[in-house]
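*Asks:* See entry_18.cif below, with mmCIF, C-alpha atoms.
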```cif
data_final
loop_
_atom_site.label_atom_id
_atom_site.label_comp_id
_atom_site.auth_asym_id
_atom_site.auth_seq_id
_atom_site.Cartn_x
_atom_site.Cartn_y
_atom_site.Cartn_z
CA MET A 1157 -6.22 0.83 15.29
CA ILE A 1158 -5.83 -2.63 16.86
CA ALA A 1159 -5.60 -1.17 20.36
CA GLU A 1160 -9.17 0.11 19.93
CA GLU A 1161 -10.39 -3.42 19.13
CA ILE A 1162 -8.57 -4.96 22.08
CA GLY A 1163 -9.61 -2.14 24.38
CA GLN A 1164 -6.07 -1.51 25.61
CA SER A 1165 -2.73 -0.75 24.07
CA GLU A 1166 -0.75 -3.35 26.05
CA LEU A 1167 -1.46 -6.88 27.24
CA VAL A 1168 0.56 -9.33 29.29
CA LEU A 1169 0.05 -12.92 28.12
CA ASP A 1170 1.18 -16.31 29.33
CA GLN A 1171 3.88 -17.82 27.16
CA LEU A 1172 2.72 -18.73 23.64
CA ASP A 1173 5.46 -20.48 21.71
CA SER A 1174 4.88 -19.27 18.18
CA THR A 1175 3.23 -16.49 16.22
CA GLU A 1176 0.58 -18.96 14.96
CA LEU A 1177 -0.34 -19.91 18.55
CA LEU A 1178 -0.39 -16.24 19.48
CA LYS A 1179 -2.77 -15.47 16.61
CA GLU A 1180 -4.99 -18.39 17.58
CA TYR A 1181 -5.18 -17.07 21.14
CA LEU A 1182 -5.84 -13.48 20.07
CA PHE A 1183 -8.52 -14.50 17.55
CA GLY A 1184 -10.26 -16.47 20.31
CA GLN A 1185 -10.13 -13.53 22.73
CA PHE A 1186 -10.79 -10.78 20.20
CA PRO A 1187 -12.70 -12.26 17.25
CA LYS A 1188 -12.73 -8.93 15.43
CA LEU A 1189 -8.96 -9.24 14.89
CA GLN A 1190 -9.59 -12.10 12.48
CA SER A 1191 -10.88 -9.67 9.91
CA MET A 1192 -8.04 -7.18 10.42
CA LYS A 1193 -4.75 -7.16 8.65
CA PHE A 1194 -1.59 -6.88 10.73
CA SER A 1195 2.04 -7.97 10.81
CA ILE A 1196 3.78 -9.15 13.98
CA ALA A 1197 7.08 -8.01 15.45
CA ILE A 1198 8.94 -10.04 18.09
CA ASN A 1199 11.36 -8.03 20.21
CA GLN A 1200 11.24 -5.23 17.63
CA GLN A 1201 12.07 -7.49 14.70
CA LEU A 1202 9.40 -8.18 12.09
CA ALA A 1203 8.34 -11.86 11.97
CA GLN A 1204 8.04 -13.65 8.62
CA GLY A 1205 5.54 -16.50 8.57
CA ASP A 1206 5.24 -18.68 11.69
CA GLU A 1207 8.09 -17.83 14.06
CA LYS A 1208 9.11 -19.00 17.52
CA ILE A 1209 8.44 -16.58 20.35
CA PRO A 1210 11.15 -16.59 23.04
CA GLU A 1211 10.14 -16.32 26.68
CA GLY A 1212 9.38 -12.82 27.92
CA ALA A 1213 9.33 -11.44 24.39
CA GLU A 1214 7.80 -8.12 23.52
CA ILE A 1215 5.26 -8.55 20.73
CA ALA A 1216 3.83 -5.76 18.58
CA LEU A 1217 0.86 -6.05 16.24
CA LEU A 1218 1.33 -3.71 13.32
CA PRO A 1219 -1.57 -2.83 11.04
CA PRO A 1220 -1.01 -1.16 7.66
CA PHE A 1221 -2.23 2.43 7.31
CA SER A 1222 -3.07 4.06 4.02
CA GLY A 1223 -3.94 7.59 5.08
CA GLY A 1224 -2.08 10.58 3.79
CA MET B 1125 27.74 35.26 2.43
CA SER B 1126 24.23 35.33 3.80
CA ASP B 1127 21.49 33.65 1.81
CA ARG B 1128 18.42 31.61 2.55
CA PHE B 1129 20.42 28.42 3.17
CA GLU B 1130 23.01 29.89 5.52
CA ARG B 1131 21.64 28.31 8.70
CA GLN B 1132 21.60 24.76 7.40
CA ARG B 1133 25.00 25.11 5.74
CA LEU B 1134 26.39 25.81 9.21
CA VAL B 1135 25.35 22.35 10.42
CA PRO B 1136 28.41 20.06 10.60
CA ASP B 1137 28.17 17.10 8.19
CA PHE B 1138 25.56 18.94 6.13
CA GLY B 1139 27.49 22.04 5.08
CA ILE B 1140 28.12 23.35 1.57
CA ASP B 1141 28.26 19.81 0.21
CA GLY B 1142 24.85 18.89 1.58
CA GLN B 1143 23.33 22.04 0.18
CA GLU B 1144 24.92 21.43 -3.20
CA LYS B 1145 23.53 17.89 -3.24
CA LEU B 1146 20.02 19.15 -2.47
CA ARG B 1147 20.33 21.81 -5.16
CA ASN B 1148 21.21 19.13 -7.72
CA SER B 1149 18.45 16.69 -6.69
CA SER B 1150 14.98 16.03 -7.94
CA VAL B 1151 12.11 14.61 -5.89
CA LEU B 1152 8.68 13.39 -6.94
CA VAL B 1153 6.02 13.91 -4.28
CA ILE B 1154 2.97 11.71 -4.85
CA GLY B 1155 -0.08 13.22 -3.20
CA ALA B 1156 -0.21 16.88 -2.17
CA GLY B 1157 -2.54 16.36 0.79
CA GLY B 1158 -1.93 16.09 4.53
CA LEU B 1159 1.51 14.47 4.19
CA GLY B 1160 2.35 16.24 0.94
CA SER B 1161 1.79 19.73 2.36
CA PRO B 1162 4.60 19.76 4.94
CA ILE B 1163 6.83 17.63 2.71
CA LEU B 1164 6.56 20.10 -0.17
CA LEU B 1165 6.91 23.18 2.02
CA TYR B 1166 10.09 21.95 3.68
CA LEU B 1167 11.77 20.43 0.63
CA ALA B 1168 11.27 23.70 -1.24
CA ALA B 1169 12.35 25.78 1.77
CA MET B 1170 15.53 23.72 2.09
CA GLY B 1171 16.31 24.20 -1.58
CA VAL B 1172 15.74 20.87 -3.35
CA GLY B 1173 16.48 21.78 -6.96
CA HIS B 1174 13.50 20.26 -8.70
CA ILE B 1175 10.21 19.03 -7.23
CA GLY B 1176 7.48 17.15 -9.08
CA ILE B 1177 4.00 17.24 -7.55
CA VAL B 1178 1.40 14.62 -8.51
CA ASP B 1179 -2.23 15.02 -7.48
CA GLY B 1180 -5.46 14.75 -9.44
CA ASP B 1181 -7.60 15.82 -6.50
CA GLN B 1182 -9.20 19.17 -5.74
CA VAL B 1183 -9.02 21.03 -2.46
CA SER B 1184 -12.14 20.51 -0.38
CA ILE B 1185 -13.16 22.37 2.75
CA SER B 1186 -12.71 19.26 4.93
CA ASN B 1187 -9.01 19.09 3.90
CA LEU B 1188 -8.20 22.35 5.63
CA ASN B 1189 -7.62 21.02 9.17
CA ARG B 1190 -4.37 19.46 7.99
CA GLN B 1191 -3.48 20.34 4.38
CA VAL B 1192 -1.62 23.50 5.32
CA LEU B 1193 -0.63 24.45 1.78
CA TYR B 1194 -4.23 25.50 1.09
CA GLY B 1195 -6.77 27.98 2.33
CA VAL B 1196 -10.47 28.59 1.87
CA GLN B 1197 -9.79 30.50 -1.35
CA ASP B 1198 -8.40 27.28 -2.94
CA VAL B 1199 -11.47 25.08 -2.46
CA GLY B 1200 -12.35 23.41 -5.75
CA LYS B 1201 -8.91 23.97 -7.33
CA ASN B 1202 -6.47 21.20 -8.24
CA LYS B 1203 -4.02 20.58 -5.39
CA ALA B 1204 -0.88 20.07 -7.50
CA GLU B 1205 -1.56 23.30 -9.35
CA VAL B 1206 -2.21 25.43 -6.25
CA ALA B 1207 0.81 23.89 -4.49
CA ALA B 1208 3.18 24.48 -7.42
CA ASN B 1209 2.04 28.09 -7.92
CA PHE B 1210 2.36 28.89 -4.22
CA LEU B 1211 5.83 27.34 -3.93
CA ARG B 1212 7.06 29.01 -7.12
CA ALA B 1213 6.14 32.40 -5.70
CA GLN B 1214 7.81 31.59 -2.34
CA TYR B 1215 10.97 30.01 -3.72
CA PRO B 1216 11.77 31.16 -7.27
CA ASP B 1217 15.19 29.46 -7.09
CA CYS B 1218 13.58 25.98 -7.13
CA SER B 1219 11.76 24.54 -10.12
CA PHE B 1220 8.46 22.69 -9.95
CA THR B 1221 6.51 20.39 -12.25
CA GLU B 1222 2.84 19.86 -11.46
CA ILE B 1223 1.04 16.76 -12.70
CA LEU B 1224 -2.69 17.32 -12.38
CA SER B 1225 -3.71 13.69 -12.43
CA PHE B 1226 -3.56 10.62 -10.22
CA ILE B 1227 -0.71 8.17 -10.58
CA SER B 1228 -1.73 4.96 -12.38
CA VAL B 1229 -0.20 1.90 -14.04
CA GLU B 1230 -0.28 3.86 -17.30
CA ASN B 1231 1.80 6.85 -16.14
CA VAL B 1232 3.77 5.57 -13.13
CA VAL B 1233 7.01 4.63 -14.92
CA GLU B 1234 7.14 7.77 -17.01
CA LEU B 1235 6.48 9.94 -13.94
CA ILE B 1236 8.93 8.26 -11.54
CA GLU B 1237 11.85 7.54 -13.84
CA PRO B 1238 13.34 11.05 -14.17
CA TYR B 1239 13.52 11.68 -10.41
CA ASP B 1240 16.27 10.83 -7.89
CA LEU B 1241 13.82 9.99 -5.11
CA VAL B 1242 10.10 9.40 -4.68
CA ILE B 1243 7.98 10.31 -1.66
CA ASP B 1244 4.66 8.55 -1.18
CA GLY B 1245 2.13 10.80 0.49
CA SER B 1246 -0.87 9.15 -1.14
CA ASP B 1247 -4.00 8.15 0.75
CA ASN B 1248 -5.03 4.70 -0.48
CA PHE B 1249 -3.64 1.16 -0.69
CA PRO B 1250 -3.88 0.65 -4.47
CA THR B 1251 -1.64 3.71 -4.99
CA ARG B 1252 0.74 2.72 -2.20
CA TYR B 1253 1.32 -0.77 -3.64
CA LEU B 1254 1.60 0.61 -7.17
CA VAL B 1255 4.19 3.21 -6.14
CA ASN B 1256 6.11 0.66 -4.05
CA ASP B 1257 6.25 -1.93 -6.82
CA ALA B 1258 7.23 0.62 -9.47
CA CYS B 1259 10.01 2.00 -7.23
CA VAL B 1260 11.32 -1.54 -6.53
CA LEU B 1261 11.40 -2.36 -10.25
CA LEU B 1262 12.99 1.00 -11.14
CA LYS B 1263 15.38 0.80 -8.12
CA LYS B 1264 14.23 4.23 -6.96
CA PRO B 1265 14.67 5.25 -3.31
CA LEU B 1266 11.20 5.68 -1.80
CA VAL B 1267 10.30 7.54 1.37
CA PHE B 1268 7.14 5.94 2.75
CA GLY B 1269 4.78 7.38 5.32
CA ALA B 1270 1.16 6.74 6.24
CA ILE B 1271 -1.28 7.86 8.90
CA TYR B 1272 -4.41 6.72 10.70
CA GLN B 1273 -6.38 8.96 13.08
CA HIS B 1274 -3.62 9.60 15.64
CA GLU B 1275 -0.91 7.12 14.57
CA GLY B 1276 1.65 7.03 11.80
CA GLN B 1277 4.43 4.97 10.23
CA VAL B 1278 7.55 5.99 8.32
CA SER B 1279 10.29 4.10 6.48
CA VAL B 1280 12.73 4.42 3.58
CA PHE B 1281 12.80 1.75 0.88
CA ASN B 1282 15.13 0.72 -1.96
CA LEU B 1283 18.40 2.15 -0.67
CA GLY B 1284 20.80 -0.17 -2.46
CA ILE B 1285 21.19 -3.95 -2.14
CA ASP B 1286 19.42 -5.78 0.70
CA SER B 1287 17.12 -2.83 1.18
CA CYS B 1288 13.54 -3.67 2.10
CA ASN B 1289 10.33 -2.31 0.67
CA TYR B 1290 6.67 -2.10 1.66
CA ARG B 1291 5.96 -5.71 0.65
CA ASP B 1292 8.51 -6.92 3.20
CA ILE B 1293 6.26 -5.47 5.90
CA PHE B 1294 2.85 -6.12 4.36
CA PRO B 1295 3.23 -8.61 1.46
CA ASN B 1296 -0.40 -8.34 0.29
CA PRO B 1297 -2.67 -5.35 -0.02
CA PRO B 1298 -5.44 -5.57 2.57
CA LYS B 1299 -8.95 -6.14 1.28
CA ALA B 1300 -11.41 -3.31 1.62
CA ASP B 1301 -13.08 -4.93 4.63
CA GLU B 1302 -9.80 -5.54 6.51
CA VAL B 1303 -9.10 -1.85 7.10
CA PRO B 1304 -11.32 1.04 8.12
CA ASN B 1305 -12.48 3.36 5.40
CA CYS B 1306 -10.21 6.41 5.63
CA SER B 1307 -12.72 9.01 4.57
CA VAL B 1308 -14.87 8.22 7.61
CA THR B 1309 -12.25 7.55 10.30
CA GLY B 1310 -11.05 11.10 10.82
CA VAL B 1311 -7.58 12.43 11.50
CA ILE B 1312 -6.07 14.84 14.04
CA GLY B 1313 -4.88 17.77 11.92
CA VAL B 1314 -1.31 17.96 13.20
CA LEU B 1315 -0.65 14.20 12.71
CA PRO B 1316 0.22 14.40 8.98
CA GLY B 1317 2.41 17.37 9.96
CA VAL B 1318 4.42 15.13 12.30
CA ILE B 1319 4.68 12.20 9.88
CA GLY B 1320 5.12 14.38 6.77
CA ASN B 1321 8.00 16.22 8.42
CA LEU B 1322 9.66 12.95 9.42
CA MET B 1323 9.34 11.92 5.76
CA ALA B 1324 10.78 15.22 4.53
CA MET B 1325 13.70 14.80 6.94
CA GLU B 1326 14.38 11.26 5.67
CA ALA B 1327 14.28 12.54 2.07
CA VAL B 1328 16.78 15.28 2.88
CA LYS B 1329 19.07 12.75 4.62
CA VAL B 1330 19.04 10.45 1.60
CA LEU B 1331 19.56 13.25 -0.92
CA ALA B 1332 22.28 15.08 1.04
CA ASP B 1333 23.92 11.88 2.31
CA PHE B 1334 23.41 13.07 5.87
CA GLY B 1335 23.05 10.75 8.89
CA SER B 1336 21.47 7.29 8.74
CA PRO B 1337 18.12 7.03 6.99
CA LEU B 1338 15.37 4.61 8.13
CA LYS B 1339 16.65 1.81 5.91
CA ASN B 1340 15.29 -1.63 6.93
CA ARG B 1341 13.58 0.00 9.89
CA VAL B 1342 10.03 1.22 10.35
CA LEU B 1343 9.23 3.96 12.81
CA PHE B 1344 5.75 3.98 14.38
CA TYR B 1345 4.42 7.09 16.07
CA GLN B 1346 1.54 7.16 18.52
CA ALA B 1347 0.27 10.63 19.25
CA LYS B 1348 -1.94 9.67 22.21
CA SER B 1349 0.96 8.33 24.25
CA ALA B 1350 3.56 10.58 22.59
CA SER B 1351 5.66 7.51 21.84
CA PHE B 1352 7.80 6.16 19.03
CA TYR B 1353 8.33 2.44 18.41
CA GLU B 1354 10.93 1.16 15.98
CA ILE B 1355 11.07 -2.28 14.39
CA LYS B 1356 13.72 -3.82 12.20
CA ILE B 1357 12.71 -5.49 8.97
CA SER B 1358 14.61 -7.81 6.66
CA PRO B 1359 14.00 -8.89 3.07
CA ASN B 1360 11.15 -11.42 2.88
CA PRO B 1361 11.65 -13.46 -0.29
CA SER B 1362 8.17 -15.02 -0.08
CA ALA B 1363 6.67 -11.53 -0.35
CA TYR B 1364 8.04 -11.04 -3.84
CA SER B 1365 6.00 -13.83 -5.42
CA LEU B 1366 3.07 -11.45 -5.07
CA MET B 1367 4.79 -8.57 -6.83
CA PRO B 1368 4.93 -7.92 -10.60
CA LYS B 1369 8.20 -9.39 -11.92
CA ASN B 1370 8.84 -6.59 -14.39
CA LEU B 1371 7.43 -3.32 -15.73
CA GLU B 1372 5.40 -5.20 -18.33
CA GLU B 1373 3.59 -7.18 -15.61
CA LEU B 1374 3.19 -4.03 -13.55
CA SER B 1375 1.42 -2.31 -16.43
CA LYS B 1376 -1.13 -5.14 -16.48
CA THR B 1377 -1.78 -5.26 -12.73
CA ASP B 1378 -5.14 -4.01 -11.54
CA TYR B 1379 -4.26 -2.50 -8.15
CA GLU B 1380 -7.81 -1.34 -7.52
CA LEU B 1381 -9.09 -4.84 -8.04
CA VAL B 1382 -6.73 -6.52 -5.57
CA CYS B 1383 -7.76 -4.05 -2.84
CA GLU B 1384 -11.47 -4.21 -3.48
CA GLY B 1385 -12.24 -7.13 -1.19
CA LEU B 1386 -14.13 -9.23 -3.71
CA PRO B 1387 -14.96 -12.72 -2.40
CA GLU B 1388 -12.18 -15.22 -3.04
CA ILE B 1389 -11.80 -18.88 -2.21
CA SER B 1390 -8.94 -21.37 -2.50
CA TRP B 1391 -8.94 -24.60 -4.51
CA GLU B 1392 -8.85 -26.59 -1.25
CA GLU B 1393 -12.31 -25.28 -0.41
CA ILE B 1394 -13.89 -26.45 -3.67
CA PRO B 1395 -15.76 -29.73 -3.07
CA SER B 1396 -14.46 -32.67 -5.09
CA GLN B 1397 -18.02 -33.41 -6.23
CA ILE B 1398 -19.69 -30.23 -7.42
CA PRO B 1399 -23.37 -30.30 -6.32
CA SER B 1400 -25.99 -29.70 -9.00
CA ASN B 1401 -26.90 -26.24 -7.71
CA VAL B 1402 -23.27 -25.07 -7.96
CA LEU B 1403 -21.46 -23.96 -11.09
CA LEU B 1404 -17.69 -23.96 -11.58
CA VAL B 1405 -16.78 -21.71 -14.52
CA ASP B 1406 -13.51 -21.74 -16.46
CA LEU B 1407 -13.17 -18.20 -17.84
CA ARG B 1408 -10.12 -18.91 -19.96
CA GLU B 1409 -10.07 -18.75 -23.73
CA PRO B 1410 -10.05 -22.17 -25.48
CA ASP B 1411 -6.30 -22.00 -26.27
CA GLU B 1412 -5.23 -21.52 -22.63
CA LEU B 1413 -3.68 -24.63 -21.07
CA PRO B 1414 -3.59 -26.88 -19.14
CA LYS B 1415 -7.20 -27.89 -18.85
CA LEU B 1416 -8.54 -28.51 -15.36
CA GLU B 1417 -8.51 -32.15 -14.29
CA ASN B 1418 -10.91 -33.88 -11.86
CA TRP B 1419 -13.69 -31.34 -12.27
CA SER B 1420 -15.65 -30.59 -15.43
CA PRO B 1421 -16.14 -26.85 -15.36
CA ALA B 1422 -18.47 -24.88 -17.63
CA LEU B 1423 -16.29 -23.32 -20.34
CA ILE B 1424 -17.33 -19.69 -20.66
CA PRO B 1425 -14.48 -17.43 -21.84
CA PHE B 1426 -14.35 -14.07 -20.08
CA SER B 1427 -14.91 -12.35 -23.41
CA GLN B 1428 -18.35 -13.99 -23.64
CA LEU B 1429 -19.24 -13.85 -19.96
CA GLU B 1430 -22.07 -11.35 -20.00
CA GLU B 1431 -23.88 -13.11 -22.85
CA ASN B 1432 -23.98 -16.18 -20.63
CA PHE B 1433 -25.25 -14.56 -17.44
CA ASP B 1434 -28.72 -16.12 -17.85
CA LEU B 1435 -27.21 -19.58 -18.08
CA ILE B 1436 -25.01 -18.99 -15.03
CA ASN B 1437 -27.93 -17.57 -13.07
CA LYS B 1438 -29.66 -20.96 -13.05
CA ARG B 1439 -27.33 -22.08 -10.22
CA ASP B 1440 -27.25 -20.87 -6.61
CA LEU B 1441 -23.51 -20.70 -6.06
CA ILE B 1442 -20.85 -19.80 -8.62
CA TYR B 1443 -17.09 -20.33 -8.62
CA PHE B 1444 -15.12 -18.46 -11.31
CA PHE B 1445 -11.53 -19.31 -12.15
CA CYS B 1446 -9.05 -18.26 -14.84
CA GLN B 1447 -5.30 -18.59 -15.41
CA SER B 1448 -4.02 -16.37 -12.56
CA GLY B 1449 -7.07 -15.13 -10.67
CA VAL B 1450 -7.42 -11.67 -12.22
CA ARG B 1451 -10.17 -12.22 -14.79
CA SER B 1452 -12.09 -14.28 -12.24
CA LEU B 1453 -12.07 -11.28 -9.86
CA LYS B 1454 -13.27 -9.05 -12.66
CA ALA B 1455 -15.98 -11.61 -13.39
CA VAL B 1456 -17.08 -11.49 -9.74
CA ARG B 1457 -17.20 -7.72 -9.91
CA LEU B 1458 -19.31 -7.81 -13.13
CA TRP B 1459 -21.58 -10.52 -11.79
CA GLN B 1460 -22.19 -8.77 -8.46
CA LYS B 1461 -23.27 -5.63 -10.27
CA ASP B 1462 -26.13 -7.52 -11.93
CA PHE B 1463 -26.82 -10.13 -9.25
CA PRO B 1464 -25.81 -8.66 -5.89
CA GLN B 1465 -27.74 -11.29 -3.89
CA LYS B 1466 -26.10 -14.35 -5.37
CA SER B 1467 -23.16 -16.24 -3.78
CA VAL B 1468 -20.10 -15.98 -5.98
CA PHE B 1469 -16.37 -16.54 -5.49
CA SER B 1470 -13.20 -16.10 -7.48
CA ILE B 1471 -10.74 -18.97 -7.04
CA ARG B 1472 -7.55 -17.35 -5.76
CA GLY B 1473 -4.54 -17.64 -8.06
CA GLY B 1474 -6.53 -19.55 -10.70
CA MET B 1475 -4.92 -22.36 -12.64
CA LYS B 1476 -1.42 -21.20 -11.62
CA ALA B 1477 -2.28 -21.80 -7.96
CA MET B 1478 -3.70 -25.23 -8.82
CA LEU B 1479 -0.45 -26.20 -10.58
CA LYS B 1480 1.68 -25.04 -7.63
CA ASN B 1481 -0.01 -27.47 -5.24
#
```
Could the structure of this file be written out as structure tokens, please?
*Replies:*
Amino acid sequence: MIAEEIGQSELVLDQLDSTELLKEYLFGQFPKLQSMKFSIAINQQLAQGDEKIPEGAEIALLPPFSGG
Amino acid sequence: MSDRFERQRLVPDFGIDGQEKLRNSSVLVIGAGGLGSPILLYLAAMGVGHIGIVDGDQVSISNLNRQVLYGVQDVGKNKAEVAANFLRAQYPDCSFTEILSFISVENVVELIEPYDLVIDGSDNFPTRYLVNDACVLLKKPLVFGAIYQHEGQVSVFNLGIDSCNYRDIFPNPPKADEVPNCSVTGVIGVLPGVIGNLMAMEAVKVLADFGSPLKNRVLFYQAKSASFYEIKISPNPSAYSLMPKNLEELSKTDYELVCEGLPEISWEEIPSQIPSNVLLVDLREPDELPKLENWSPALIPFSQLEENFDLINKRDLIYFFCQSGVRSLKAVRLWQKDFPQKSVFSIRGGMKAMLKN
């Protein structure tokens, strides 16, 4: 869902130190993401609120689905 | 002795015990659609003793690329009824209860309570949050699964202490404009088959005490790349402030309303001096306290709102607030029906949010 908005399913970014900074960057690059709901996982662990991002971390943006 | 469960009884760790546990279990399947079809077929085939099927919807021709319980002859018939009749004929040793209506705040507790486990195969956010919250409050294990076009997610909630639920992943329901409308996005027919079968497998594991269910983990599936991605989740205490505290509060929650995407605004965005073309309306009844300080809102109780529409309509921009932000959303909904062009906002969280700051 989000991959379609970004135009690719994976991105390599320069270090961003927190999930808030990451969101700021992504919203600047892909304004449509601002109106989408998603949670963030850092190294396969779900982040809660603003969390530090360690160097070289793998980040996943996870949108909710409702379909059944 | 050969019978229809012989092959699964032969599996080490499942065995006679696992089969016996399935036989003595009951499962409520919410939604008999794309996810519900494979879930119901496999749970009945494996011999779950009692299966409840909830669906108020009728089979339509566009369902038939993925809802494999139905055929063209079923179009127009209630899904729960067709499903229960079909499964009864296939597996007379299992019992089935069909509920030919949608799950709602009125019937959710009564429907869920008698069952050992709930499976959510519904197709909309209001139902998903309702089922999640009810299962948390009733401490019912819940197998969750959802799909979008060619992707899916699966998890298992409420398995004992420290077990996460849907609100730990997504604390708030998304507004209508934050997610694509499902009826127009399309879905690859086999996708709910993949996700529904993962859900059925998790249900069997929980019921038969077999293997390690997806507790505090969420599994994401992407069909295009044929890949799975797993994340770990942990309880998120701040998520629970948004959830009904008890069954009484649950029965009063308007799940449709919170997912509708009506315009909301926070107190911080309200100017300290309200311009003359703007109206701030307190929708609370006269006995509701405390009164708002600093601003002098118009006092129009929700019960008398519509009689005062002409008065309100004299201003260009309207802010509604109430005690907790529910009546103000309803007011926005009512107002927009009559005056769709006018700018209107509900103040999020109402007086309770003001007091928190």
*Asks:* Which value, in Å to one decimal, gives the distance between atom CA of B:Pro1295 and atom CA of B:Ser1365?
*Replies:*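 Answer for the atom CA of B:Pro1295 to atom CA of B:Ser1365 separation: 9.1 Å.
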*Asks:* Would you list which chain B residues are within 9 Å of chain A using only C-alpha atoms, as an NGL selection string?
*Replies:* :B and (1155-1160 or 1244-1249 or 1252 or 1269-1273 or 1275-1277 or 1292-1294 or 1297-1299 or 1301-1304 or 1306-1307 or 1311 or 1316 or 1320 or 1344 or 1353-1358 or 1360 or 1362)
*Asks:* To verify the selection step, state as JSON, numbers by chain which residues the PyMOL selection byres ((chain B and resi 1266) around 12) yields on this input.
*Replies:* {"B": [1151, 1152, 1153, 1154, 1236, 1239, 1240, 1241, 1242, 1243, 1244, 1245, 1252, 1253, 1255, 1256, 1257, 1258, 1259, 1260, 1261, 1262, 1263, 1264, 1265, 1267, 1268, 1269, 1278, 1279, 1280, 1281, 1282, 1283, 1284, 1287, 1288, 1289, 1290, 1323, 1324, 1326, 1327, 1330, 1331, 1337, 1338, 1339]}
*Asks:* Translate the PyMOL selection byres ((chain B and resi 1137) around 12) into a concrete residue list for this structure, as a VMD selection string.
*Replies:* chain B and resid 1132 to 1136 1138 to 1143 1329 1332 to 1336
*Asks:* Selected by the PyMOL selection byres ((chain A and resi 1209) around 7) in the shown coordinates: which residues, as a compact mmCIF listing (two decimals) with C-alpha atoms, keeping the file's coordinate frame?
*Replies:*
```txt
# COMPACT_ATOMS: atom_id res chain seq x y z
CA LEU A 1172 2.72 -18.73 23.64
CA ASP A 1173 5.46 -20.48 21.71
CA SER A 1174 4.88 -19.27 18.18
CA THR A 1175 3.23 -16.49 16.22
CA ILE A 1198 8.94 -10.04 18.09
CA GLU A 1207 8.09 -17.83 14.06
CA LYS A 1208 9.11 -19.00 17.52
CA PRO A 1210 11.15 -16.59 23.04
CA GLU A 1211 10.14 -16.32 26.68
CA ALA A 1213 9.33 -11.44 24.39
```
*Asks:* Just how far from atom CA of B:Ile1442 is atom CA of B:Glu1392, in Å to one decimal?
*Replies:*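 Going from atom CA of B:Glu1392 over to atom CA of B:Ile1442 covers 15.6 Å.
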*Asks:* What is the atom CA of B:Glu1380-atom CA of B:Leu1429 distance in Å, reported with one decimal?
*Replies:*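 A separation of 21.0 Å between them.
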